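*Asks:* Below is one structure. I have some questions about it.
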Amino acid sequence: MDGAKVTPGRTAGLYAGAAVLRLAIFTLFPGIPDLLTGRVEISTPVTSFKRLQEGLFLYNHNVSPYDGGVYHQAPLFLPLFSLLPSSASLPIFTYLLYIAVDLLSASALWRIADSGESGSSALFTSPRREKRWSGFVIAALFLLNPFTVATCIGRSTSVFTTCAILHAVAKAVSGAPFGAMVALSFASYLSMYPLLLLPPLVLLCYDRQRSGRATKSMLQFAGTCTATVAGVLSVLFQLSYLLTGSWEFLPSTYGVQLTLSDLAPNVGLWWYFFIEMFDSFRSFFLAVFWLHLSSYVAGLTVRIRRQPLVVLTLLLGIFNIFKPYPSISDTSLFLALVPLYRHVFPLMRYTFVSAAVVLYASCLGPAFYYLWIYAGSGNANFFYAITLVWGLGLSLLVCDLMFAVLRDEWEVERPEMAGKEIRQI
Amino acid sequence: MGQLLSFLWLSLLSICVFSSSTSAADYHEQLNLRPLPQSALLASFNFRSNTSVSEFEKGNFRFFPRSLGQILQHAGTRELHLRFSLGRWDAESWGARPWDGAREGGTGVELWAWLEADTDKEADHKWLTLTNALSGLFCASLNFIDGTRTTRPVMSFQPEGDHSTTTNMHLLYGVLPHEVVCTENLTPFLKLLPCKGKAGIASLLDGHKLFDASWQSMAIDIRPICPLDGECVLQIEQTIDMVLDIDRSKRPRDNPIPRPPAGHDLPCDTSKPYHSHDTCFPADYTAHQDWSLTQIFGKTMKGTCPLADPAVPALCLQVPESRSVFVSEGVREKKNPDRVSRCFDIPPSTHLEMVLPTPDDSASISVTPEAPLLYAERSFTGHGQERGGVQTILRNPSPDTEVEFIYMESLPWFMRIYLHTMEARVAGQSHANKSLIQQVYYRPAVDRARGTQLEVRMRVPADSTVFLTYDFEKSILRYTEYPPDANRGFDVAAAVITILDPHQERQGSVSGRFAAYTLRTTSLLCSLPTPDFSMPYNVIIFTSTAIALAFGGIFNILVRRFVAADEGPEAGLAVVLGRLKGRLMGLVKGAVKR
Amino acid sequence: MPRLLASALQLRRDPRMLKLPPYLSLLCILAGVAWLFLLPLDQYSRRTYISENALLPGQVHTYFGGSDQNVFRAYKHEANELVGKSNAEFNDKLEPIIKGIGLKTARQNFTYHAAGQTFSGENLYAILQAPRGDATEAIVLVAAWENVKGETNRNGIPLALTLLRYFKRWSLWSKDIILLITPDSIAGPQAWVDAYHDAHDPARVSSLPLKSGLLQGAIAIDYAQEGRFDSVHIVYDGVNGQLPNLDLINSIVNIAGGQMGIGVALQEMWHHDNGYPDRLRTMLRGMLKQGLGLASGPHSSFIPYHVDAVTLRPFGEGWQDEMALGRVVEGSFRSLNNLLEHLHQSFFFYLLMQRERFVSIGTYLPSAMAVAINFTIMAIALWVKSGQPAEVTTPKSKTETPAPATAERDLFLPLGVVTLIQSLAIIPLYLFNHVPESALTPLFLAFTLLNTLLPPTLAHLLATSNTTLQQYHLIQSFSLLLLGMFLSSLATLNFSLALITGLLAAPLSFVRPYRSTAAKVAVSVLLNAVSPTAVVLAAAAYWGTDVTTVLREAAVGWHVCGTYSPVVVYPRHAQ
């Protein structure tokens with residue numbers, strides 16, 4: 001079904017189908033949303049919907065939600081959700097909001113796919129590019145991905161970040177640097193780590209800017225972009241300050257991510273590490289982990305300069321393994337971008353292995369968590385081991401994708417090597 | 001109602017005794033004995049002494065314990081309340097609590113005080129001094145009352161004494177539910193008494209008996225009292241309430257094991273058709289109603305404390321008038337007009353013994369206790385170590401009057417409560433009833449810095465049961481933050497329920513409490529998820545390895561350049577195989593040579 | 001890591017590697033089974049030991065006896081009068097007796113609907129509050145009017161009452177003691193425990209008016225037999241194959257065997273000469289019980305809530321009287337009373353093969369894992385094979401890549417088929433648990449028929465819709481991958497069930513698209529023989545019950561059958 005013709009009818013059908021699926025789960029199984037909201041794989045301390053409810057309650061009762069250990073999410077959520085009818089009495093509006101956000105992300109993804117940026121960027125054109133999936137398929141893969149559906153049903157607020165990031169990329173590829181920067185700053189405002197995506201995104205904008213009013217100097221362009229982000233962010237912070245009446249939301253939202261004061265289990269590698277860490281070394285290792293997280297940005301941006309979108313994809317993949325509070329919604333974002341590289345799939349070597357590992361992990365994880373928390377017959381190491389496996393499987397996938405892309409680039413200069421065995425030295 | 005009146009009567013008597021002679025420092029002590037259903041006996045000791053504030057400032061303490069006085073002066077404490085409690089008061093069978101619950105605390109140690117300070121910071125500092133000093137004085141780990149265990153209640157407590165309105169006072173409240181109260185706390189308690197437990201009713205107090213009680217509560221209350229005439233006095237009141245199991249107390253100390261009695265002295269219900277020498281349906285649980293002071297306390301009472309005010313009877317007993325009581329000669333018995341209590345005038349230096357034989361009719365065994373204003377029972381809901389809920393069942397027994405009270409919880413920070421899930425519903429109704437909760441004061445917890453403080457002003461309609469429920473999430477701690485017995489769980493302090501006085505008239509300073517009745521629920525045991533405590537090194541190693549693998553893999557691909565398999569130097573498995581081959585060849589050759 | 005994999009990938013091209021996997025996976029299965037049979041040997045099993053030192057089993061004197069026997073006789077008279085009376089009647093009779101002992105009592109109504117039947121009744125329970133204690137922890141003593149076999153618990157109820165009356169005299173209890181008297185052995189305790197943890201459905205099970213603290217342990221007395229007994233039978237299987245902490249069993253064995261000199265039996269092995277055959281038999285029985293995952297006594301419902309519980313059932317003709325059993329319970333309660341922390345040390349995954357020998361998870365898990373892994377091996381092998389450009393390659397793969405490279409894989413159809421098939425399994429699960437008992441057997445037959453017919457039709461469909469050989473490979477590969485995945489995660493929850501299912505499903509990893517009809521028929525017969533329906537029939541025939549009872553048990557019990565679903569639909573590869 002490569003490059004199949006997409007009629008408006010099919011588009012509407014896909015969106016309607018996805019929406020109906022989610023609505024059906026919401027309405028037919030009223031127990032499921034709260035069940036999923038409680039799952040550690042879906043909602044982390046910084047994205048949990050239940051914590052959002054608590055923050056909302058305190059906010060509406062004039063208690064500062066940040067003067068406590070429960071609410072660690074961005075202040076702008078509070079007015080947004082207090083506009084909606086309370087999800088306790090009229091949940092349908094909340095459901096609709098989340099479904100709408102998912103569809104928005106899907107449309108952004110669609111635009112990215114149709115731009116063909118993944119196949120042929122400004123500086124590089126892949127020989128395989130004609131073999132790619134249409135935006136329809138990619139959007140479908142995203143919307144019907146069980147991880148995405150689970151995140152939507154669990155009403156984790158990370159879907160907003162996902163949406164913002166996808167829109168930033170979409171704007172960038174459609175040559176609208178300003179929109180891209182605004183979207184990115186929203187994403188960073190919501191969950192901080194997307195700020196690390198700035199360099200590749202700037203490059204992407206630079207490459208894709210419309211030929212009409214193209215800025216020549218790279219530095220100047222980067223400068224303006226950074227300034228835009230800084231400006232938008234400061235505006236957002238000012239707004240939040242006006243809303244909450246104090247700056248205490250900063251330590252309580254971003255400080256928590258920086259210091260990991262809340263050690264709730266999740267699919268990441270941080271929580272158990274810092275539970276078992278000796279107090280004297282805690283701050284040191286926190287610094288090391290953050291450094292490690294940001295170390296990838298420069299390397300990838302420089303090495304894969306010719307395809308900034310690849311850098312974005314890989315970075316998202318890395319973040320969903322190594323960020324402080326990862327959840328399967330980050331994984332779903334990464335998996336949404338991977339199909340853009342349909343043309344390099346034949347060059348990937350361990351797709352089956354990594355897929356199998358991820359599958360095993362996502363099946364064993366809940367089982368081990370049950371053994372630890374409820375049955376009491378297993379201990380924390382069970383779940384920890386699974387998070388390790390999960391991380392390894394995903395990192396293998398990332399490595400593999402990167403290898404395929406690089407080899408694709410390499411075969412442009414060595415066309416005769418296509419399909420031959422190669423090594424790296 | 002009967003013996004409540006009598007309580008009032010007694011306390012009023014004692015009040016007028018003071019206010020007659022407020023200027024002079026004085027001291028009086030009194031022991032109240034009240035048999036309870038199910039062969040239990042409530043013994044409540046009360047010691048009260050005071051000194052004028054001016055003298056106190058001069059450091060002239062008189063009857064006021066010097067050690068405590070100096071601490072108070074040093075920590076700028078205006079009013080202090082300290083509680084050591086153990087066990088639970090069985091309200092269903094024992095009825096209303098002594099002193100309307102004003103002199104008891106939750107399990108463990110409870111301390112609240114009004115400190116004079118200009119800023120919160122200063123108040124915290126003084127509070128720290130106070131707790132440390134008291135922990136030294138009472139051999140209790142009060143110094144563990146740190147920031148996470150200290151709260152500042154706004155609704156539940158009000159000063160009992162009279163304070164000048166100019167001084168700005170801070171109320172701080174701390175509780176240690178896990179603290180085990182035992183003999184080492186009793187000894188310093190007795191040391192504070194003028195007679196040091198050598199004479200008077202205090203001579204009956206004995207560690208073994210006290211801590212074998214089914215329920216016991218030691219209280220110290222210090223408050224300034226300014227009568228309308230005369231100068232202010234600083235009053236210290238020490239109270240010990242305990243419920244003794246008569247059956248258990250009567251066992252000889254050298255042989256406390258409850259071996260099965262011989263078949264023939266087993267109280268049997270002979271009316272049963274199958275009753276025979278080897279088949280015995282045990283008679284009802286009403287045996288062992290006869291007791292004497294020596295049986296219960298293990299010794300006689302050594303006269304009265306010479307310093308005590310003789311106007312106040314040292315020993316009072318609350319049994320129906322019809323029940324016969326024998327006391328050693330020289331002791332005069334005075335029946336009170338309320339017909340359910342009697343007091344005894346004990347001449348100094350007589351060893352008082354009191355005997356209550358089994359009465360002929362069961363009606364006159366004990367005064368039927370009067371029902372409390374409210375029954376409260378708190379328990380956890382849900383299972384698993386991830387999240388849970390707290391459910392408090394509040395039952396209002398009275399058929400016509402509704403009860404209004406303040407429900408206060410001070411929870412540890414690692415119980416993250418979700419206030420938006422808190423709801424109160426009347427039993428029988430499915431949906432929550434908004435009108436029950438009138439006012440909520442909530443101070444959320446901050447991780448590792450501050451505990452949750454929740455005060456709810458609510459009401460229970462007449463003759464109905466109300467369920468107050470809320471959810472919470474159990475957070476997982478750093479492995480250094482767990483106690484050695486991590487899998488036992490963490491104790492959660494009792495909830496304090498203060499029932500408001502419907503008509504708040506303040507007559508007289510001592511009885512002018514705004515609370516009509518106070519009770520505390522039992523404490524809870526909250527089990528948190530635990531990490532593997534033997535793993536730190538392994539975890540650090542494994543996680544680092546995983547990160548190193550990913551990092552290495554990615555940068556490996558980034559920095560290397562591609563060549564075809566047949567170009568460049570040999571590498572990978574082929575090299576290894578080649579080496580192996582060579583090695584084998586060498587070996588073979590060597591073997592051949594030899 | 002990638003370099004190593006890369007060099008390993010060199011081997012992938014090697015044709016010999018493709019011959020290997022079938023033998024490899026066969027080897028895995030055989031190894032798994034062989035491993036199982038090694039376990040009873042002394043070298044592989046271990047002696048039990050108490051790892052929670054606070055328990056101190058058998059270190060205290062037990063004083064139960066003497067004139068308590070008179071009381072017991074009296075209570076027994078009372079109980080005997082109630083035999084055959086209705087549930088409410090005997091609760092009305094017992095409640096005053098318990099109140100007379102001086103305890104607080106309360107009742108709870110429950111009604112369950114399963115397989116078209118209603119299980120309703122009223123639980124009676126009493127709480128002995130620990131003197132000086134605070135309602136933070138509790139131990140439960142359970143006595144059911146009817147045990148799982150339907151016999152009346154003639155001696156158990158009076159014994160429990162006498163014990164409570166005796167416990168009331170002690171002042172050393174640090175935990176509350178709850179006496180729970182249920183009309184039956186399965187529904188009653190389940191309702192009570194659910195309500196205690198507020199996991200109940202208020203419509204069917206009423207909430208508990210009276211509560212205590214965390215449950216630290218539970219012991220059920222099932223003493224239906226008359227007269228004196230010889231040894232005690234410890235029943236420990238929980239619902240869904242969960243087991244209580246081994247320390248509890250050890251301490252009871254220690255108290256009964258070591259202190260009181262009463263024999264102890266496990267898994268209905270009335271006579272056990274600590275030899276290989278008996279050990280093996282005990283272990284296999286244990287595994288079968290665990291695999292079925294049904295409640296085996298009043299204690300079973302406690303275990304899923306992390307409350308360690310066992311049932312004590314005296315048996316045999318001997319000189320031990322009721323007081324002896326009472327002393328065993330007293331000793332066990334004294335041990336539980338000593339506990340500072342909730343039982344967490346020791347083992348929750350184990351196979352007992354004699355009262356003092358066991359194997360822990362580390363030793364026995366490999367066998368189940370080996371069986372699960374064989375599927376994964378085959379899955380990988382098939383994947384690789386599907387990567388090989390076969391003689392009938394899709395035109396795409398021919399154009400795309402030259403010979404040595406991996407062929408393009410068309411993933412959509414296989415994935416679709418597998419997901420569809422897997423999701424089909426929900427239907428029987430739902431039906432079997434929601435139809436009335438009368439409809440069970442016909443439904444079962446219909447399902448069997450369907451189950452036999454579905455694979456060929458599917459295969460035919462696939463054949464007609466020109467699916468390539470590669471897609472066959474992929475379908476099988478994914479199915480096996482999923483199967484291996486489910487089994488390995490199941491092995492952590494319920495080892496025995498995973499092993500049994502794995503062995504039954506083993507042939508699936510070897511089926512190929514055959515040309516000859518004979519082979520087709522043979523294989524499909526074999527596969528139908530191991531398909532769950534056939535297994536259920538065989539099991540029913542073996543234990544001499546009819547299918548209906550088996551299915552009802554399943555419906556009344558838990559939905560473990562859901563895990564069978566992957567197996568159901570695989571035989572399609574046979575064609």
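Every chain in the structure tokens has a letter given in the order shown (A, B, ...), and although residue numbers restart at 1 in each chain, ligands are simply numbered from 1 in the order shown.
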Provide as a PyMOL selection string the residues of chain C at most 6 Å from chain B, counting only C-alpha atoms.
*Replies:* chain C and resi 7+66-67+70-71+73-74+100+131-134+136+197-198+341-342
*Asks:* Restricting the output to all heavy atoms, write the selected residues as a short mmCIF file (atom, residue, chain, number, x, y, z; two decimals), in the first residue's frame.
*Replies:*
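Below you can see selection_39.cif, which holds the result:
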data_model
loop_
_atom_site.label_atom_id
_atom_site.label_comp_id
_atom_site.auth_asym_id
_atom_site.auth_seq_id
_atom_site.Cartn_x
_atom_site.Cartn_y
_atom_site.Cartn_z
N SER C 7 28.68 -9.18 14.28
CA SER C 7 29.48 -10.36 13.92
C SER C 7 28.64 -11.62 14.05
O SER C 7 28.77 -12.56 13.27
CB SER C 7 30.70 -10.43 14.82
OG SER C 7 30.34 -10.09 16.14
N GLY C 66 -6.66 -29.49 79.61
CA GLY C 66 -7.26 -29.53 80.95
C GLY C 66 -8.75 -29.30 80.88
O GLY C 66 -9.46 -29.90 80.07
N SER C 67 -9.21 -28.37 81.71
CA SER C 67 -10.66 -28.19 81.81
C SER C 67 -11.22 -27.57 80.54
O SER C 67 -12.43 -27.54 80.36
CB SER C 67 -10.97 -27.28 82.98
OG SER C 67 -10.44 -26.00 82.71
N ASN C 70 -13.55 -29.84 78.83
CA ASN C 70 -14.96 -29.86 79.24
C ASN C 70 -15.73 -28.83 78.44
O ASN C 70 -16.81 -29.09 77.92
CB ASN C 70 -15.08 -29.56 80.73
CG ASN C 70 -14.23 -30.50 81.54
OD1 ASN C 70 -13.58 -31.37 80.99
ND2 ASN C 70 -14.19 -30.29 82.85
N VAL C 71 -15.14 -27.62 78.35
CA VAL C 71 -15.80 -26.55 77.61
C VAL C 71 -15.98 -26.98 76.16
O VAL C 71 -17.06 -26.84 75.58
CB VAL C 71 -14.96 -25.26 77.68
CG1 VAL C 71 -15.63 -24.16 76.90
CG2 VAL C 71 -14.74 -24.86 79.12
N ARG C 73 -16.32 -29.95 74.98
CA ARG C 73 -17.44 -30.91 74.84
C ARG C 73 -18.77 -30.17 74.84
O ARG C 73 -19.64 -30.41 74.02
CB ARG C 73 -17.39 -31.91 75.99
CG ARG C 73 -16.19 -32.82 75.92
CD ARG C 73 -16.41 -34.11 76.66
NE ARG C 73 -15.15 -34.87 76.71
CZ ARG C 73 -14.24 -34.72 77.68
NH1 ARG C 73 -14.45 -33.86 78.67
NH2 ARG C 73 -13.12 -35.42 77.66
N ALA C 74 -18.88 -29.19 75.74
CA ALA C 74 -20.14 -28.44 75.81
C ALA C 74 -20.41 -27.75 74.48
O ALA C 74 -21.50 -27.89 73.90
CB ALA C 74 -20.06 -27.41 76.93
N GLY C 100 -20.83 -14.21 74.90
CA GLY C 100 -20.61 -14.66 76.27
C GLY C 100 -19.14 -14.78 76.58
O GLY C 100 -18.70 -14.52 77.71
N PRO C 131 -5.33 -7.03 74.31
CA PRO C 131 -5.22 -6.18 75.50
C PRO C 131 -3.98 -5.30 75.36
O PRO C 131 -2.94 -5.77 74.90
CB PRO C 131 -5.07 -7.18 76.64
CG PRO C 131 -4.59 -8.41 76.00
CD PRO C 131 -5.17 -8.44 74.63
N ARG C 132 -4.10 -4.04 75.70
CA ARG C 132 -3.01 -3.07 75.57
C ARG C 132 -2.66 -2.81 74.12
O ARG C 132 -1.79 -2.01 73.83
CB ARG C 132 -1.75 -3.55 76.31
CG ARG C 132 -1.91 -3.50 77.80
CD ARG C 132 -0.70 -4.07 78.46
NE ARG C 132 -0.55 -5.50 78.22
CZ ARG C 132 0.60 -6.14 78.23
NH1 ARG C 132 1.71 -5.48 78.41
NH2 ARG C 132 0.65 -7.44 78.04
N GLY C 133 -3.28 -3.55 73.18
CA GLY C 133 -2.92 -3.39 71.78
C GLY C 133 -3.71 -2.25 71.16
O GLY C 133 -4.69 -1.77 71.71
N ASP C 134 -3.25 -1.86 69.98
CA ASP C 134 -3.96 -0.86 69.21
C ASP C 134 -4.34 -1.55 67.91
O ASP C 134 -3.57 -2.34 67.40
CB ASP C 134 -3.03 0.32 68.96
CG ASP C 134 -3.84 1.57 68.66
OD1 ASP C 134 -5.06 1.43 68.52
OD2 ASP C 134 -3.25 2.65 68.57
N THR C 136 -3.93 -2.28 65.04
CA THR C 136 -3.10 -2.10 63.86
C THR C 136 -2.87 -3.40 63.11
O THR C 136 -2.72 -3.40 61.91
CB THR C 136 -1.74 -1.53 64.25
OG1 THR C 136 -1.22 -2.33 65.30
CG2 THR C 136 -1.86 -0.10 64.72
N HIS C 197 -10.91 -5.85 52.63
CA HIS C 197 -10.01 -4.95 51.90
C HIS C 197 -10.80 -4.02 50.98
O HIS C 197 -10.22 -3.43 50.08
CB HIS C 197 -9.02 -5.77 51.08
CG HIS C 197 -8.12 -6.60 51.95
ND1 HIS C 197 -8.39 -7.91 52.25
CD2 HIS C 197 -6.98 -6.30 52.59
CE1 HIS C 197 -7.44 -8.37 53.03
NE2 HIS C 197 -6.57 -7.42 53.24
N ASP C 198 -12.09 -3.93 51.18
CA ASP C 198 -12.95 -3.05 50.39
C ASP C 198 -12.76 -3.27 48.89
O ASP C 198 -12.78 -2.33 48.11
CB ASP C 198 -12.69 -1.58 50.74
CG ASP C 198 -13.29 -1.26 52.08
OD1 ASP C 198 -12.63 -1.60 53.09
OD2 ASP C 198 -14.39 -0.73 52.13
N GLU C 341 7.56 -7.83 61.68
CA GLU C 341 7.29 -7.39 60.31
C GLU C 341 6.38 -8.40 59.64
O GLU C 341 6.38 -9.57 59.98
CB GLU C 341 8.59 -7.29 59.52
CG GLU C 341 9.63 -6.42 60.17
CD GLU C 341 10.85 -6.29 59.31
OE1 GLU C 341 10.69 -5.83 58.19
OE2 GLU C 341 11.95 -6.67 59.75
N HIS C 342 5.64 -7.93 58.68
CA HIS C 342 4.84 -8.82 57.84
C HIS C 342 5.77 -9.84 57.20
O HIS C 342 6.88 -9.50 56.79
CB HIS C 342 4.13 -7.98 56.79
CG HIS C 342 2.99 -8.69 56.13
ND1 HIS C 342 3.19 -9.76 55.33
CD2 HIS C 342 1.67 -8.47 56.16
CE1 HIS C 342 2.02 -10.17 54.89
NE2 HIS C 342 1.08 -9.40 55.39
#
*Asks:* Considering only C-alpha atoms, tabulate each residue of chain A that lies at most 7 Å from chain B along with its nearest interatomic pair and the corresponding distance in Å to one decimal; arrange the rows by chain and ascending residue number and present them as a Markdown table.
*Replies:*
| residue | atom | partner | partner_atom | distance |
| --- | --- | --- | --- | --- |
| A:Glu54 | CA | B:His420 | CA | 5.7 |
| A:Phe57 | CA | B:His420 | CA | 5.9 |
| A:Asp67 | CA | B:Pro444 | CA | 6.9 |
| A:Gly68 | CA | B:Val446 | CA | 4.8 |
| A:Gly69 | CA | B:Val446 | CA | 4.7 |
| A:Val70 | CA | B:Arg416 | CA | 6.8 |
| A:Leu263 | CA | B:Ile476 | CA | 6.1 |
| A:Ala264 | CA | B:Ile476 | CA | 6.1 |
| A:Leu269 | CA | B:Thr543 | CA | 6.7 |
| A:Phe273 | CA | B:Ile540 | CA | 6.1 |
| A:Ile275 | CA | B:Arg478 | CA | 4.4 |
| A:Glu276 | CA | B:Pro536 | CA | 4.7 |
| A:Met277 | CA | B:Pro536 | CA | 6.4 |
| A:Arg303 | CA | B:Leu558 | CA | 6.7 |
| A:Ile373 | CA | B:Gln385 | CA | 5.2 |
| A:Tyr374 | CA | B:Gly384 | CA | 4.3 |
| A:Asn379 | CA | B:Asp532 | CA | 6.8 |
| A:Ala380 | CA | B:Pro531 | CA | 5.3 |
| A:Asn381 | CA | B:Asp532 | CA | 6.8 |
| A:Leu388 | CA | B:Ala546 | CA | 7.0 |
| A:Leu392 | CA | B:Ala546 | CA | 6.6 |
| A:Ser395 | CA | B:Ala550 | CA | 5.7 |
| A:Cys399 | CA | B:Ile554 | CA | 5.6 |
| A:Phe403 | CA | B:Ile557 | CA | 6.5 |
| A:Glu421 | CA | B:Ala565 | CA | 5.3 |
| A:Ile422 | CA | B:Ala564 | CA | 4.1 |
| A:Arg423 | CA | B:Ala565 | CA | 5.4 |
| A:Gln424 | CA | B:Phe562 | CA | 4.5 |
| A:Ile425 | CA | B:Arg560 | CA | 5.5 |
*Asks:* Mind running chain A against chain C at 7 Å and telling me each contacting residue's nearest atom pair with the distance in Å (one decimal), counting only C-alpha atoms, chain and number ascending, as a tab-separated table?
*Replies:*
residue	atom	partner	partner_atom	distance
A:Pro346	CA	C:Glu408	CA	6.9
A:Tyr360	CA	C:Met485	CA	5.8
A:Cys363	CA	C:Ser489	CA	6.8
A:Leu364	CA	C:Ser489	CA	5.2
A:Ala367	CA	C:Ser489	CA	6.7
A:Ala375	CA	C:His306	CA	5.5
A:Gly376	CA	C:His306	CA	5.9
A:Ser377	CA	C:Phe348	CA	5.3
A:Gly419	CA	C:Ala405	CA	6.3
*Asks:* Let me make sure I understand: among C:Ile50, C:Ala224, C:Leu56, C:Leu161, which one has the smallest atom-to-atom distance to C:Pro96 if we use only C-alpha atoms?
*Replies:*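 Counting only C-alpha atoms, the residue closest to C:Pro96 is C:Leu161.
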*Asks:* Please identify all polymer residues within 10 Å of A:Phe289, counting only C-alpha atoms, omitting same-chain residues fewer than 4 positions from it, and present them as an MDAnalysis selection string.
*Replies:* (chainID A and resid 258 270 283:285 293:295 322:324) or (chainID B and resid 544 547)
*Asks:* Which neighbours of A:Leu56 fall inside 8 Å, counting only C-alpha atoms, when residues of the same chain fewer than 4 positions from it are skipped, and could you give them as a ChimeraX atom specification?
*Replies:* /A:52,60,65,78,81-82
*Asks:* Write a file of the selected residues as an mmCIF file, in the first residue's frame, keeping all heavy atoms.
*Replies:*
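Below you can see part-v2.cif, which holds the result:
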data_model
loop_
_atom_site.group_PDB
_atom_site.id
_atom_site.type_symbol
_atom_site.label_atom_id
_atom_site.label_comp_id
_atom_site.auth_asym_id
_atom_site.auth_seq_id
_atom_site.Cartn_x
_atom_site.Cartn_y
_atom_site.Cartn_z
ATOM 1 N N LEU A 52 -3.343 15.899 38.535
ATOM 2 C CA LEU A 52 -3.886 17.115 37.927
ATOM 3 C C LEU A 52 -5.222 17.468 38.567
ATOM 4 O O LEU A 52 -5.474 18.617 38.923
ATOM 5 C CB LEU A 52 -4.061 16.907 36.426
ATOM 6 C CG LEU A 52 -4.715 18.052 35.676
ATOM 7 C CD1 LEU A 52 -3.829 19.263 35.691
ATOM 8 C CD2 LEU A 52 -5.035 17.635 34.264
ATOM 9 N N ASN A 60 -8.900 25.577 42.632
ATOM 10 C CA ASN A 60 -10.255 26.133 42.691
ATOM 11 C C ASN A 60 -10.668 26.495 44.102
ATOM 12 O O ASN A 60 -11.622 27.231 44.309
ATOM 13 C CB ASN A 60 -11.256 25.139 42.092
ATOM 14 C CG ASN A 60 -11.058 25.010 40.592
ATOM 15 O OD1 ASN A 60 -10.538 25.924 39.965
ATOM 16 N ND2 ASN A 60 -11.422 23.864 40.049
ATOM 17 N N PRO A 65 -1.566 25.050 44.661
ATOM 18 C CA PRO A 65 -1.276 23.632 44.421
ATOM 19 C C PRO A 65 0.210 23.325 44.469
ATOM 20 O O PRO A 65 0.596 22.159 44.564
ATOM 21 C CB PRO A 65 -1.843 23.391 43.020
ATOM 22 C CG PRO A 65 -1.900 24.729 42.401
ATOM 23 C CD PRO A 65 -2.118 25.707 43.497
ATOM 24 N N LEU A 78 -4.083 24.498 34.810
ATOM 25 C CA LEU A 78 -5.135 24.741 35.803
ATOM 26 C C LEU A 78 -6.294 25.528 35.205
ATOM 27 O O LEU A 78 -7.430 25.046 35.216
ATOM 28 C CB LEU A 78 -4.527 25.450 37.011
ATOM 29 C CG LEU A 78 -3.454 24.620 37.717
ATOM 30 C CD1 LEU A 78 -2.738 25.444 38.754
ATOM 31 C CD2 LEU A 78 -4.089 23.398 38.349
ATOM 32 N N PHE A 81 -8.167 23.382 32.484
ATOM 33 C CA PHE A 81 -9.073 22.321 32.920
ATOM 34 C C PHE A 81 -10.170 22.853 33.817
ATOM 35 O O PHE A 81 -11.219 22.224 33.950
ATOM 36 C CB PHE A 81 -8.288 21.225 33.641
ATOM 37 C CG PHE A 81 -7.652 20.255 32.692
ATOM 38 C CD1 PHE A 81 -6.374 20.489 32.207
ATOM 39 C CD2 PHE A 81 -8.315 19.131 32.266
ATOM 40 C CE1 PHE A 81 -5.784 19.610 31.324
ATOM 41 C CE2 PHE A 81 -7.736 18.249 31.384
ATOM 42 C CZ PHE A 81 -6.473 18.489 30.909
ATOM 43 N N SER A 82 -9.956 24.009 34.450
ATOM 44 C CA SER A 82 -11.065 24.525 35.265
ATOM 45 C C SER A 82 -12.125 25.143 34.358
ATOM 46 O O SER A 82 -13.254 25.334 34.791
ATOM 47 C CB SER A 82 -10.547 25.553 36.268
ATOM 48 O OG SER A 82 -9.665 26.427 35.617
#
*Asks:* Considering only C-alpha atoms, can you say which of B:Met218, B:Cys343, B:Met155, B:Met422 comes closest to B:Glu455?
*Replies:*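 Closest residue, counting only C-alpha atoms: B:Met155.
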*Asks:* Using atom CA of C:Leu458 and atom CA of C:Lys385 as the two end points, give the distance in Å to one decimal.
*Replies:*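 Calculated distance between atom CA of C:Leu458 and atom CA of C:Lys385 is 22.6 Å.
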